[in-house]
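S.K.: Encoded as structure tokens, here's the structure I'll be asking about.
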Amino acid sequence: MANVNLASVVLRNALRQKMGVRFSHDMITQKIGKREVVGHGWNGLPVYADRVDYPMPAIRFKEVTPDVLALREKEKGDWKKLSIQEKKALYRASFCQTFAEIKYPTGEWKLSVGLSLIAISMSIGAMLLMKAFVYDAIPVTFDEEHQKAQLKRMLDLGVGNITGLSSKWDYENNKWK
């Protein structure tokens with residue numbers, strides 16, 4: 001949310017600097033057409049966006065038509081006289097989606113999961129190819145016999161005799177302390 005507000009402020013300032021003027025009425029009407037401005041909006045500009053966190057956009061969704069004007073005059077009277085179709089037409093003139101439509105899952109997560117699995121499988125494939133064709137075999141010093149010989153040599157040399165490895169070896173009994 002903060003990133004969106006920051007982006008709109010940066011965009012607004014960039015446009016002001018480029019144009020050398022503040023937003024004029026002509027610029028706004030050119031952008032929104034004949035749509036009616038009904039509020040401040042979530043970022044201060046007259047833009048339309050269906051958002052759950054800010055349910056009242058600054059402008060209506062559709063431009064004013066004679067049909068919508070007739071329905072708006074009719075809505076000033078008794079709402080019981082309006083049919084369900086007329087109420088829906090009034091709603092759709094102001095809003096693109098209902099809350100149920102906004103909240104309905106879009107399935108975008110499937111694309112993310114699919115791309116992630118493709119990336120993981122390509123990484124595993126690259127690792128296996130590198131292991132098969134690029135890397136050498138494990139050195140012989142990694143087997144248990146060579147590791148024991150290396151440990152014995154380190155103990156004989158007294159490596160880390162104060163706080164390290166040799167400090168934990170009992171030289172008189174030839175076993176770990």
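Following the order of the structure tokens, first chain is A, next is B, and so on, with residues numbered from 1 inside each chain and ligands from 1 in the order they appear.
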For the contact check between stretch 67-163 of chain A and stretch 38-49 of chain A, emit one row per residue of stretch 67-163 of chain A within 10 Å, containing the shortest atom pair and the distance in Å rounded to one decimal, counting only C-alpha atoms, chain then rising number order, as JSON lines.

M.R.:
```
{"residue": "A:Ser94", "atom": "CA", "partner": "A:Val38", "partner_atom": "CA", "distance": 9.6}
{"residue": "A:Phe95", "atom": "CA", "partner": "A:Tyr48", "partner_atom": "CA", "distance": 8.8}
{"residue": "A:Cys96", "atom": "CA", "partner": "A:Ala49", "partner_atom": "CA", "distance": 8.7}
{"residue": "A:Gln97", "atom": "CA", "partner": "A:Ala49", "partner_atom": "CA", "distance": 9.8}
```

S.K.: As an MDAnalysis selection string, which residues of stretch 4-175 of chain A does DSSP assign to strand (DSSP E or B)?

M.R.: chainID A and resid 37 59 169:170 175

S.K.: For A:Ala100, list every protein, DNA or RNA residue within 12 Å, evaluated using only C-alpha atoms, and leave out those in the same chain fewer than 6 positions away; present the list as a PDB file with all heavy atoms, in the first residue's frame.

M.R.:
```
ATOM      1  N   ASP A  50     -10.860  -1.050  -8.536  1.00  0.00           N
ATOM      2  CA  ASP A  50     -11.649  -1.893  -7.637  1.00  0.00           C
ATOM      3  C   ASP A  50     -10.729  -2.413  -6.557  1.00  0.00           C
ATOM      4  O   ASP A  50      -9.842  -3.228  -6.821  1.00  0.00           O
ATOM      5  CB  ASP A  50     -12.260  -3.066  -8.402  1.00  0.00           C
ATOM      6  CG  ASP A  50     -13.446  -2.642  -9.242  1.00  0.00           C
ATOM      7  OD1 ASP A  50     -14.200  -1.761  -8.781  1.00  0.00           O
ATOM      8  OD2 ASP A  50     -13.617  -3.178 -10.338  1.00  0.00           O
ATOM      9  N   ARG A  51     -10.932  -1.941  -5.325  1.00  0.00           N
ATOM     10  CA  ARG A  51     -10.078  -2.343  -4.216  1.00  0.00           C
ATOM     11  C   ARG A  51     -10.941  -2.630  -2.999  1.00  0.00           C
ATOM     12  O   ARG A  51     -11.869  -1.887  -2.692  1.00  0.00           O
ATOM     13  CB  ARG A  51      -9.090  -1.229  -3.870  1.00  0.00           C
ATOM     14  CG  ARG A  51      -8.099  -0.943  -4.967  1.00  0.00           C
ATOM     15  CD  ARG A  51      -7.248   0.225  -4.641  1.00  0.00           C
ATOM     16  NE  ARG A  51      -6.692   0.118  -3.298  1.00  0.00           N
ATOM     17  CZ  ARG A  51      -5.541   0.642  -2.939  1.00  0.00           C
ATOM     18  NH1 ARG A  51      -4.833   1.298  -3.813  1.00  0.00           N
ATOM     19  NH2 ARG A  51      -5.110   0.525  -1.711  1.00  0.00           N
ATOM     20  N   VAL A  52     -10.593  -3.687  -2.285  1.00  0.00           N
ATOM     21  CA  VAL A  52     -11.322  -4.038  -1.071  1.00  0.00           C
ATOM     22  C   VAL A  52     -10.961  -3.070   0.048  1.00  0.00           C
ATOM     23  O   VAL A  52     -11.822  -2.682   0.845  1.00  0.00           O
ATOM     24  CB  VAL A  52     -11.006  -5.495  -0.657  1.00  0.00           C
ATOM     25  CG1 VAL A  52     -11.687  -5.847   0.645  1.00  0.00           C
ATOM     26  CG2 VAL A  52     -11.444  -6.449  -1.748  1.00  0.00           C
ATOM     27  N   THR A 106      -8.340 -15.708  -8.279  1.00  0.00           N
ATOM     28  CA  THR A 106      -8.066 -15.563  -9.710  1.00  0.00           C
ATOM     29  C   THR A 106      -7.297 -16.747 -10.291  1.00  0.00           C
ATOM     30  O   THR A 106      -7.265 -16.927 -11.490  1.00  0.00           O
ATOM     31  CB  THR A 106      -7.239 -14.296  -9.969  1.00  0.00           C
ATOM     32  OG1 THR A 106      -6.009 -14.401  -9.259  1.00  0.00           O
ATOM     33  CG2 THR A 106      -7.996 -13.069  -9.510  1.00  0.00           C
TER      34      THR A 106
END
```

S.K.: Rank nothing, just name the residue among A:Tyr171, A:Glu73, A:Ile102, A:Asp78 nearest to A:Leu90, using only C-alpha atoms.

M.R.: A:Glu73

S.K.: Just how far from atom CA of A:Pro57 is atom CA of A:Ser83, in Å to one decimal?

M.R.: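 Spanning atom CA of A:Ser83 to atom CA of A:Pro57 is a straight-line distance of 25.3 Å.
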
S.K.: In Å, rounded to a single decimal, give me how far atom CA of A:Leu71 is from atom CA of A:Arg92.

M.R.: 11.8 Å

S.K.: I'd like the interatomic distance between atom CA of A:Ser166 and atom CA of A:Glu145, to a tenth of an Å.

M.R.: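 Distance reported for this atom pair: 19.6 Å.
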
S.K.: Considering only C-alpha atoms, return as a list in words whatever protein or nucleic-acid residues lie within 8 Å of A:Ala93, sequence-local ones (same chain, fewer than 4 positions apart) excluded.

M.R.: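 These residues fall inside the cut-off: Arg60, Phe61, Lys62, Glu63, Val68 and Ala89 of chain A.
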
S.K.: Between A:Lys31, A:Lys152, A:His146, A:Lys80, which has the minimum distance to A:Lys175 (counting only C-alpha atoms)?

M.R.: A:Lys152
